[in-house]
Each structure stands twice: as structure tokens, then as C-alpha cells.
Amino acid sequence: MNRNPLKLCLAAALLLSPLLATASENYPARTVRIVVPFAPGGFVDFTARLVAPPLAQATGQQFVVDNRPGAGGIVGAEFAARSAPDGYTLIIGSAGTHSVNQSLYPKLSYNVLRDFIPVARLTDAPSILTVHPSLPVKSVKDLITVARKQPGQVNYASAGAGTSTHLAAVLFESIAQVKMSHIAFKGGGPAVVSVLSGETPVTFATAASVAPHISSGRLRAIAVTSGKRSAVLPELPTISESGLKGYEMLNWLGLFAPTGTPKVIVDRLSRESLKVVAQPEVVKRFNSQGAEPSPLASEEFAPFVKSEIAKWAKIVAETGMKAD
């Protein structure tokens with residue numbers, strides 16, 4: 001019997017199309033995984049665990065958090081990029097994993113614009129310049145003075161190369177014209193543990209990571225990295241007003257799906273996500289961690305991500321930033 005392979009493929013596609021359409025319309029029919037490309041305890045993990053329960057309630061299926069830390073978020077991002085584009089594996093992407101890494105790693109194993117669909121931007125937050133009390137630093141000017149007297153000897157901890165906590169420090173070094181030593185960890189939690197011990201006495205940490213320790217006096221907050229004072233941390237000056245004019249660094253977080261995920265699924269996830277971050281209790285919990293909702297639907301989030309990739313490509317080139 002003479003069978004035409006092209007005709008067979010077309011016939012199979014025609015048979016599958018109604019099934020795929022039905023699967024998309026019935027989404028979700030089982031548990032959805034949200035990949036967090038960092039260890040538990042940081043702001044990305046906090047955000048995933050905050051939005052997962054209300055998403056589950058809205059859709060009738062469980063949304064579970066899957067921590068896959070490593071290489072500044074690359075391990076988790078690569079896993080998500082290679083997952084089936086069926087809406088059952090999502091990822092919380094950040095300014096680091098989904099903008100900076102594109103320029104920071106010349107041989108990055110994934111391409112944000114090629115491998116991901118931006119679903120919804122959820123929130124953004126400044127980092128907090130935080131030090132261990134043993135370090136004689138109570139202001140931005142104090143830190144600059146100490147760093148200049150001991151070039152390369154003041155250690156700072158980050159959640160990994162290319163993360164917001166790393167970027168904030170690189171920008172600080174560039175504008176202040178100082179040199180510190182970068183110690184990268186697999187997430188905000190392990191980085192803060194190191195600062196608590198005094199081993200790496202400086203960090204530009206997310207509020208979610210350091211807020212309890214600042215309240216207890218185990219760590220000292222110096223300033224926030226946003227361009228204006230945070231509405232939820234009004235007592236802290238900005239780094240810009242503390243002497244480094246023009247300094248600003250915000251970490252945004254958003255939900256992404258693998259490229260190829262059906263539009264009907266992306267659109268539903270986008271709608272439900274924006275409803276979640278507008279819930280008063282969710283807003284309250286974001287605020288308690290020094291963050292605020294910054295919702296963008298999929299069609300608005302996509303050009304934002306593209307502009308962020310271009311912006312950080314320029315900064316990486318100008319500063320000579322390395323993925324150390």
C-alpha cells in the first residue's frame with residue numbers, strides 16, 4: 001500500500017487538534033508545578049508560595065512549588081524551558097534569570113525570548129543594603145569608606161551570580177568606585193545565613209530574607225536600593241539620597257511558561273495571576289516583606305521583558321560584570 005508521509009502527518013494533526021483544544025479548555029486537569037530556580041527562604045520562593053494557594057483555589061487544582069536552585073537560577077530556568085509546553089510546568093522568573101543572565105552568560109543554555117512566554121508580572125521590590133553588626137558600618141558613606149580602605153577584602157553575599165542581590169552590589173561598586181569580594185550562594189536563604197554568621201558581612205538582600213533578622217537586631221539595615229523610599233519601609237533612606245545619586249535597582253518577579261504553551265492557557269493564567277496579586281491579603285503580605293504588586297498582563301509583560309534584556313545587556317557591557 002502506498003502511504004504518503006505528509007498526508008499521514010496532516011491526518012494525525014487533524015485528529016489531534018480537537019483533543020488538544022479540549023485539553024486547553026479543560027485546563028488545569030491536574031497538579032501544576034511552579035519552578036523556583038532558587039533555594040527556599042528568598043523572595044522568589046516567598047512569592048511562589050504566596051500565590052500558589054489562591055491560584056489553586058481559583059482553578060480547582062493544586063499549584064505546587066518546586067525549588068531547583070543552582071548557577072544563579074540557570075538550573076531551574078533550563079529545566080522549565082525544556083518542560084512540556086502544556087501549562088503544567090511554570091516558573092517564577094526574575095530580573096536575573098529572565099533578563100540579566102541573557103548577557104551575563106555568553107553560552108546560556110536557554111534563551112528567554114525564544115524559550116519562554118511571559119504570563120504575568122507579579123511584583124517588584126527593592127533590595128536592602130544590610131550588614132552584620134560586627135562591621136563598623138551604619139550608613140552608605142561608612143561602607144564606602146571601609147571598602148576603600150580595604151579594597152577587595154569586604155565580602156558580600158548574593159543569592160547567586162546575576163540575581164538582583166548580585167546586580168545591586170555590582171551597581172553599587174560601579175557608582176561608588178569601590179571593590180568588594182562577591183560570594184555567591186544558591187539562593188537568598190543560604191546567603192543570609194552566611195551574613196548572620198559574619199562570614200560575609202554585607203548583602204543587598206531582599207526584604208523577605210532579612211526582615212526578621214533586622215527586627216531582632218541580628219542584622220543592621222542601611223538603605224534601600226529603589227529610586228524613592230519604599231512605602232512599606234519609609235524609615236530607610238535610599239542609596240541615592242545617601243550619597244550615590246542616580247542609584248536604583250528593583251527586582252521584579254513574574255510568571256513564565258515554556259514557549260508553545262497554548263494561548264488559551266496563558267491567557268487564563270495571566271487573568272488569574274492578576275486577580276491573585278490584587279487580593280488585599282496578598283497585597284498585605286507583599287507589603288510586609290517590603291514589596292508591592294506590579295501587575296502586568298501577558299501582552300504588556302512581554303515587551304517589558306524585552307526592554308529589560310536590552311537594558312541589562314548595556315549595563316553588563318559597561319561595567320564588565322562577570323558571572324563569578
# chains A, B, ... in the order shown; residues from 1 in each chain; ligands from 1

call {"tool": "select_by_dssp", "arguments": {"residues": "segment 186-308 of chain A", "states": "helix (DSSP H, G or I)", "output": "ChimeraX atom specification"}}
result
/A:188-197,207-216,263-278,280-288,298-308

call {"tool": "residues_around", "arguments": {"residues": "Leu108 of chain A", "least_positions_apart": "5", "cutoff": "12 Å", "atoms": "only C-alpha atoms", "output": "ChimeraX atom specification"}}
result
/A:71-75,77-78,81,97-103,115,323

call {"tool": "closest_residue", "arguments": {"among": "A:Pro234, A:Gly227, A:Pro201, A:Pro136", "to": "Gly246 of chain A", "atoms": "only C-alpha atoms"}}
result
A:Gly227

call {"tool": "closest_atom_pairs", "arguments": {"of": "segment 245-299 of chain A", "to": "segment 171-175 of chain A", "cutoff": "9 Å", "atoms": "only C-alpha atoms", "output": "tab-separated table"}}
result
residue	atom	partner	partner_atom	distance
A:Lys245	CA	A:Ile175	CA	8.5
A:Gly246	CA	A:Ile175	CA	8.7
A:Tyr247	CA	A:Phe172	CA	7.5
A:Glu248	CA	A:Leu171	CA	8.5
A:Met249	CA	A:Leu171	CA	8.2

call {"tool": "write_last_selection", "arguments": {"atoms": "N, CA and C atoms", "output": "compact mmCIF listing (two decimals), in the first residue's frame"}}
result
# COMPACT_ATOMS: atom_id res chain seq x y z
N LYS A 245 24.11 59.33 43.97
CA LYS A 245 23.00 59.87 43.18
C LYS A 245 22.79 59.06 41.90
N GLY A 246 21.52 58.79 41.60
CA GLY A 246 21.18 58.05 40.40
C GLY A 246 21.12 56.55 40.59
N TYR A 247 21.51 56.08 41.76
CA TYR A 247 21.47 54.63 42.02
C TYR A 247 20.02 54.16 42.13
N GLU A 248 19.69 53.08 41.42
CA GLU A 248 18.36 52.46 41.54
C GLU A 248 18.41 51.02 41.05
N MET A 249 17.87 50.12 41.83
CA MET A 249 17.79 48.71 41.45
C MET A 249 16.54 48.10 42.07

call {"tool": "residues_around", "arguments": {"residues": "Leu90 of chain A", "least_positions_apart": "4", "cutoff": "8 Å", "atoms": "only C-alpha atoms", "output": "ChimeraX atom specification"}}
result
/A:32-35,80,255-258

call {"tool": "write_last_selection", "arguments": {"atoms": "N, CA and C atoms", "output": "tab-separated table (two decimals), in the first residue's frame"}}
result
chain	number	residue	atom	x	y	z
A	32	VAL	N	-0.34	21.56	38.94
A	32	VAL	CA	0.56	22.45	38.20
A	32	VAL	C	1.80	22.71	39.05
A	33	ARG	N	2.96	22.60	38.42
A	33	ARG	CA	4.23	22.82	39.11
A	33	ARG	C	4.71	24.25	38.84
A	34	ILE	N	5.10	24.97	39.92
A	34	ILE	CA	5.74	26.28	39.77
A	34	ILE	C	7.20	26.11	40.17
A	35	VAL	N	8.09	26.21	39.20
A	35	VAL	CA	9.52	26.08	39.47
A	35	VAL	C	10.05	27.37	40.10
A	80	ALA	N	12.72	24.44	33.30
A	80	ALA	CA	11.40	24.93	32.89
A	80	ALA	C	11.33	25.12	31.38
A	255	LEU	N	5.54	35.40	36.23
A	255	LEU	CA	5.26	34.01	35.88
A	255	LEU	C	5.51	33.81	34.39
A	256	PHE	N	6.25	32.73	34.07
A	256	PHE	CA	6.55	32.38	32.68
A	256	PHE	C	6.13	30.95	32.40
A	257	ALA	N	5.83	30.68	31.13
A	257	ALA	CA	5.53	29.32	30.67
A	257	ALA	C	6.44	28.98	29.50
A	258	PRO	N	6.72	27.70	29.26
A	258	PRO	CA	7.54	27.32	28.10
A	258	PRO	C	6.88	27.74	26.79

call {"tool": "residues_around", "arguments": {"residues": "segment 54-61 of chain A", "least_positions_apart": "6", "cutoff": "9 Å", "atoms": "only C-alpha atoms", "output": "list of chain:residue names"}}
result
A:Tyr27, A:Pro28, A:Ala29, A:Arg30, A:Thr31, A:Val32, A:Leu269, A:Glu272, A:Ser273, A:Val276

call {"tool": "atom_distance", "arguments": {"atom1": "atom CA of Ala39 of chain A", "atom2": "atom CA of Gly187 of chain A"}}
result
4.7 Å

call {"tool": "closest_residue", "arguments": {"among": "A:Lys306, A:Arg268, A:Arg82, A:Lys186", "to": "Pro69 of chain A", "atoms": "only C-alpha atoms"}}
result
A:Lys186

call {"tool": "residues_around", "arguments": {"residues": "segment 210-222 of chain A", "least_positions_apart": "6", "cutoff": "8 Å", "atoms": "only C-alpha atoms", "output": "list of chain:residue names"}}
result
A:Ile128, A:Leu129, A:Thr130, A:Val131, A:His132, A:Pro133, A:Lys138, A:Ser139, A:Val140, A:Val192, A:Leu196, A:Leu236, A:Pro237, A:Gln289

call {"tool": "select_by_dssp", "arguments": {"residues": "segment 89-225 of chain A", "states": "strand (DSSP E)", "output": "PyMOL selection string"}}
result
chain A and resi 89-94+116-131+155-158+181-184+202-206+220-224

call {"tool": "write_last_selection", "arguments": {"atoms": "C-alpha atoms", "output": "short mmCIF file (atom, residue, chain, number, x, y, z; two decimals), in the first residue's frame"}}
result
data_model
loop_
_atom_site.label_atom_id
_atom_site.label_comp_id
_atom_site.auth_asym_id
_atom_site.auth_seq_id
_atom_site.Cartn_x
_atom_site.Cartn_y
_atom_site.Cartn_z
CA THR A 89 5.19 23.49 34.43
CA LEU A 90 5.60 27.21 35.08
CA ILE A 91 8.46 29.24 36.54
CA ILE A 92 8.79 32.35 38.66
CA GLY A 93 11.32 34.36 36.67
CA SER A 94 13.22 37.39 37.97
CA PHE A 116 9.56 31.39 27.34
CA ILE A 117 6.19 33.10 27.14
CA PRO A 118 5.76 35.89 29.73
CA VAL A 119 2.49 35.13 31.52
CA ALA A 120 2.18 37.93 34.09
CA ARG A 121 4.38 40.25 36.09
CA LEU A 122 3.52 39.86 39.75
CA THR A 123 5.57 42.12 41.99
CA ASP A 124 8.74 44.11 42.41
CA ALA A 125 10.80 45.03 45.41
CA PRO A 126 13.97 46.87 46.30
CA SER A 127 16.84 45.09 47.95
CA ILE A 128 18.03 46.25 51.35
CA LEU A 129 21.68 47.05 51.92
CA THR A 130 22.24 45.04 55.10
CA VAL A 131 25.34 44.43 57.23
CA ASN A 155 32.89 40.17 51.37
CA TYR A 156 29.28 40.46 50.24
CA ALA A 157 26.83 37.59 49.86
CA SER A 158 24.38 37.18 47.00
CA SER A 181 34.51 40.42 47.00
CA HIS A 182 31.47 38.56 45.71
CA ILE A 183 30.49 35.31 47.45
CA ALA A 184 27.65 33.62 45.54
CA VAL A 202 27.44 42.61 53.64
CA THR A 203 24.47 41.78 51.44
CA PHE A 204 21.99 43.56 49.21
CA ALA A 205 19.21 41.22 50.27
CA THR A 206 15.51 41.07 49.61
CA ARG A 220 21.55 46.13 60.50
CA ALA A 221 19.61 47.73 57.63
CA ILE A 222 21.41 50.63 55.95
CA ALA A 223 19.38 51.71 52.91
CA VAL A 224 17.02 50.56 50.15
#

call {"tool": "atom_distance", "arguments": {"atom1": "atom CA of Lys311 of chain A", "atom2": "atom CA of Leu250 of chain A"}}
result
13.1 Å

call {"tool": "closest_residue", "arguments": {"among": "A:Ala169, A:Arg49, A:Val316, A:Met321", "to": "Gln62 of chain A", "atoms": "only C-alpha atoms"}}
result
A:Arg49

call {"tool": "closest_residue", "arguments": {"among": "A:Ala147, A:Ile239, A:Leu50, A:Ile309", "to": "Gln279 of chain A", "atoms": "only C-alpha atoms"}}
result
A:Leu50

call {"tool": "atom_distance", "arguments": {"atom1": "atom CA of Pro106 of chain A", "atom2": "atom CA of Gly260 of chain A"}}
result
24.7 Å

call {"tool": "closest_residue", "arguments": {"among": "A:Ala208, A:Leu296, A:Leu104, A:Val178", "to": "Glu318 of chain A", "atoms": "only C-alpha atoms"}}
result
A:Leu104

call {"tool": "decode", "arguments": {"residues": "segment 123-250 of chain A", "atoms": "C-alpha atoms", "output": "PDB file, in the first residue's frame"}}
result
ATOM      1  CA  THR A 123       5.570  42.122  41.990  1.00  0.00           C
ATOM      2  CA  ASP A 124       8.737  44.112  42.413  1.00  0.00           C
ATOM      3  CA  ALA A 125      10.805  45.031  45.414  1.00  0.00           C
ATOM      4  CA  PRO A 126      13.970  46.871  46.302  1.00  0.00           C
ATOM      5  CA  SER A 127      16.835  45.088  47.951  1.00  0.00           C
ATOM      6  CA  ILE A 128      18.029  46.247  51.349  1.00  0.00           C
ATOM      7  CA  LEU A 129      21.682  47.049  51.924  1.00  0.00           C
ATOM      8  CA  THR A 130      22.245  45.044  55.100  1.00  0.00           C
ATOM      9  CA  VAL A 131      25.341  44.428  57.233  1.00  0.00           C
ATOM     10  CA  HIS A 132      26.362  42.291  60.172  1.00  0.00           C
ATOM     11  CA  PRO A 133      26.559  44.389  63.378  1.00  0.00           C
ATOM     12  CA  SER A 134      30.251  43.499  63.773  1.00  0.00           C
ATOM     13  CA  LEU A 135      31.053  45.603  60.710  1.00  0.00           C
ATOM     14  CA  PRO A 136      31.577  49.279  61.683  1.00  0.00           C
ATOM     15  CA  VAL A 137      29.075  50.492  59.118  1.00  0.00           C
ATOM     16  CA  LYS A 138      25.915  52.469  59.818  1.00  0.00           C
ATOM     17  CA  SER A 139      25.493  54.331  56.550  1.00  0.00           C
ATOM     18  CA  VAL A 140      26.273  54.128  52.842  1.00  0.00           C
ATOM     19  CA  LYS A 141      29.174  56.518  53.346  1.00  0.00           C
ATOM     20  CA  ASP A 142      30.576  54.261  56.090  1.00  0.00           C
ATOM     21  CA  LEU A 143      30.512  51.255  53.760  1.00  0.00           C
ATOM     22  CA  ILE A 144      32.242  53.192  51.001  1.00  0.00           C
ATOM     23  CA  THR A 145      34.928  54.306  53.448  1.00  0.00           C
ATOM     24  CA  VAL A 146      35.552  50.762  54.725  1.00  0.00           C
ATOM     25  CA  ALA A 147      35.593  49.304  51.201  1.00  0.00           C
ATOM     26  CA  ARG A 148      38.087  51.916  50.010  1.00  0.00           C
ATOM     27  CA  LYS A 149      40.398  51.279  52.943  1.00  0.00           C
ATOM     28  CA  GLN A 150      40.240  47.518  52.360  1.00  0.00           C
ATOM     29  CA  PRO A 151      39.844  47.022  48.582  1.00  0.00           C
ATOM     30  CA  GLY A 152      38.668  43.521  47.763  1.00  0.00           C
ATOM     31  CA  GLN A 153      38.598  42.464  51.412  1.00  0.00           C
ATOM     32  CA  VAL A 154      34.974  43.221  52.286  1.00  0.00           C
ATOM     33  CA  ASN A 155      32.885  40.171  51.365  1.00  0.00           C
ATOM     34  CA  TYR A 156      29.280  40.464  50.236  1.00  0.00           C
ATOM     35  CA  ALA A 157      26.826  37.593  49.856  1.00  0.00           C
ATOM     36  CA  SER A 158      24.383  37.178  46.996  1.00  0.00           C
ATOM     37  CA  ALA A 159      21.701  34.666  46.055  1.00  0.00           C
ATOM     38  CA  GLY A 160      23.800  33.778  43.000  1.00  0.00           C
ATOM     39  CA  ALA A 161      25.545  35.377  40.048  1.00  0.00           C
ATOM     40  CA  GLY A 162      23.142  37.502  38.038  1.00  0.00           C
ATOM     41  CA  THR A 163      20.491  37.702  40.758  1.00  0.00           C
ATOM     42  CA  SER A 164      19.115  41.032  41.951  1.00  0.00           C
ATOM     43  CA  THR A 165      21.277  40.786  45.072  1.00  0.00           C
ATOM     44  CA  HIS A 166      24.385  40.488  42.878  1.00  0.00           C
ATOM     45  CA  LEU A 167      23.295  43.214  40.440  1.00  0.00           C
ATOM     46  CA  ALA A 168      22.616  45.648  43.254  1.00  0.00           C
ATOM     47  CA  ALA A 169      26.151  45.186  44.576  1.00  0.00           C
ATOM     48  CA  VAL A 170      27.771  45.493  41.123  1.00  0.00           C
ATOM     49  CA  LEU A 171      25.917  48.740  40.511  1.00  0.00           C
ATOM     50  CA  PHE A 172      26.977  49.984  43.963  1.00  0.00           C
ATOM     51  CA  GLU A 173      30.638  49.163  43.280  1.00  0.00           C
ATOM     52  CA  SER A 174      30.480  50.857  39.892  1.00  0.00           C
ATOM     53  CA  ILE A 175      28.965  54.127  41.081  1.00  0.00           C
ATOM     54  CA  ALA A 176      30.926  54.275  44.368  1.00  0.00           C
ATOM     55  CA  GLN A 177      34.150  53.193  42.624  1.00  0.00           C
ATOM     56  CA  VAL A 178      34.953  50.557  45.228  1.00  0.00           C
ATOM     57  CA  LYS A 179      35.872  46.894  45.015  1.00  0.00           C
ATOM     58  CA  MET A 180      34.357  44.224  47.258  1.00  0.00           C
ATOM     59  CA  SER A 181      34.510  40.421  47.004  1.00  0.00           C
ATOM     60  CA  HIS A 182      31.469  38.561  45.715  1.00  0.00           C
ATOM     61  CA  ILE A 183      30.485  35.306  47.453  1.00  0.00           C
ATOM     62  CA  ALA A 184      27.648  33.624  45.538  1.00  0.00           C
ATOM     63  CA  PHE A 185      25.210  31.210  47.173  1.00  0.00           C
ATOM     64  CA  LYS A 186      22.380  29.041  45.828  1.00  0.00           C
ATOM     65  CA  GLY A 187      19.600  31.351  46.947  1.00  0.00           C
ATOM     66  CA  GLY A 188      18.764  34.174  49.307  1.00  0.00           C
ATOM     67  CA  GLY A 189      18.310  31.928  52.335  1.00  0.00           C
ATOM     68  CA  PRO A 190      21.854  30.474  52.354  1.00  0.00           C
ATOM     69  CA  ALA A 191      23.292  33.929  51.613  1.00  0.00           C
ATOM     70  CA  VAL A 192      21.570  35.439  54.649  1.00  0.00           C
ATOM     71  CA  VAL A 193      22.775  32.566  56.863  1.00  0.00           C
ATOM     72  CA  SER A 194      26.323  33.497  55.861  1.00  0.00           C
ATOM     73  CA  VAL A 195      25.742  37.156  56.712  1.00  0.00           C
ATOM     74  CA  LEU A 196      24.224  36.206  60.065  1.00  0.00           C
ATOM     75  CA  SER A 197      27.442  34.349  60.888  1.00  0.00           C
ATOM     76  CA  GLY A 198      29.534  37.373  59.935  1.00  0.00           C
ATOM     77  CA  GLU A 199      31.449  35.350  57.335  1.00  0.00           C
ATOM     78  CA  THR A 200      30.161  37.585  54.542  1.00  0.00           C
ATOM     79  CA  PRO A 201      29.175  40.734  56.470  1.00  0.00           C
ATOM     80  CA  VAL A 202      27.436  42.613  53.641  1.00  0.00           C
ATOM     81  CA  THR A 203      24.469  41.777  51.441  1.00  0.00           C
ATOM     82  CA  PHE A 204      21.987  43.562  49.208  1.00  0.00           C
ATOM     83  CA  ALA A 205      19.205  41.224  50.274  1.00  0.00           C
ATOM     84  CA  THR A 206      15.511  41.071  49.610  1.00  0.00           C
ATOM     85  CA  ALA A 207      13.352  42.207  52.491  1.00  0.00           C
ATOM     86  CA  ALA A 208      11.785  38.738  52.684  1.00  0.00           C
ATOM     87  CA  SER A 209      15.191  37.294  53.513  1.00  0.00           C
ATOM     88  CA  VAL A 210      16.372  39.758  56.149  1.00  0.00           C
ATOM     89  CA  ALA A 211      13.307  41.437  57.699  1.00  0.00           C
ATOM     90  CA  PRO A 212      13.050  39.105  60.749  1.00  0.00           C
ATOM     91  CA  HIS A 213      16.768  39.428  61.482  1.00  0.00           C
ATOM     92  CA  ILE A 214      16.674  43.212  61.188  1.00  0.00           C
ATOM     93  CA  SER A 215      13.778  43.317  63.659  1.00  0.00           C
ATOM     94  CA  SER A 216      15.682  41.098  66.117  1.00  0.00           C
ATOM     95  CA  GLY A 217      18.852  43.196  65.831  1.00  0.00           C
ATOM     96  CA  ARG A 218      20.949  40.375  64.394  1.00  0.00           C
ATOM     97  CA  LEU A 219      21.441  42.384  61.200  1.00  0.00           C
ATOM     98  CA  ARG A 220      21.554  46.128  60.500  1.00  0.00           C
ATOM     99  CA  ALA A 221      19.610  47.726  57.630  1.00  0.00           C
ATOM    100  CA  ILE A 222      21.409  50.635  55.949  1.00  0.00           C
ATOM    101  CA  ALA A 223      19.378  51.710  52.906  1.00  0.00           C
ATOM    102  CA  VAL A 224      17.018  50.563  50.145  1.00  0.00           C
ATOM    103  CA  THR A 225      18.009  50.191  46.503  1.00  0.00           C
ATOM    104  CA  SER A 226      14.884  51.787  44.988  1.00  0.00           C
ATOM    105  CA  GLY A 227      14.938  55.274  43.476  1.00  0.00           C
ATOM    106  CA  LYS A 228      12.499  56.558  46.086  1.00  0.00           C
ATOM    107  CA  ARG A 229      11.784  55.451  49.638  1.00  0.00           C
ATOM    108  CA  SER A 230       9.686  52.347  49.932  1.00  0.00           C
ATOM    109  CA  ALA A 231       6.094  52.943  51.028  1.00  0.00           C
ATOM    110  CA  VAL A 232       6.400  49.964  53.348  1.00  0.00           C
ATOM    111  CA  LEU A 233       9.922  50.840  54.634  1.00  0.00           C
ATOM    112  CA  PRO A 234       9.716  54.643  54.848  1.00  0.00           C
ATOM    113  CA  GLU A 235      12.276  54.908  57.658  1.00  0.00           C
ATOM    114  CA  LEU A 236      15.097  53.622  55.434  1.00  0.00           C
ATOM    115  CA  PRO A 237      16.848  56.129  53.155  1.00  0.00           C
ATOM    116  CA  THR A 238      17.582  55.245  49.558  1.00  0.00           C
ATOM    117  CA  ILE A 239      21.153  54.606  48.457  1.00  0.00           C
ATOM    118  CA  SER A 240      20.749  57.506  46.027  1.00  0.00           C
ATOM    119  CA  GLU A 241      19.833  60.015  48.728  1.00  0.00           C
ATOM    120  CA  SER A 242      22.625  58.620  50.895  1.00  0.00           C
ATOM    121  CA  GLY A 243      25.301  59.835  48.504  1.00  0.00           C
ATOM    122  CA  LEU A 244      25.234  57.696  45.349  1.00  0.00           C
ATOM    123  CA  LYS A 245      22.998  59.869  43.183  1.00  0.00           C
ATOM    124  CA  GLY A 246      21.176  58.052  40.396  1.00  0.00           C
ATOM    125  CA  TYR A 247      21.475  54.631  42.020  1.00  0.00           C
ATOM    126  CA  GLU A 248      18.364  52.456  41.542  1.00  0.00           C
ATOM    127  CA  MET A 249      17.792  48.712  41.447  1.00  0.00           C
ATOM    128  CA  LEU A 250      14.451  46.922  41.673  1.00  0.00           C
TER     129      LEU A 250
END
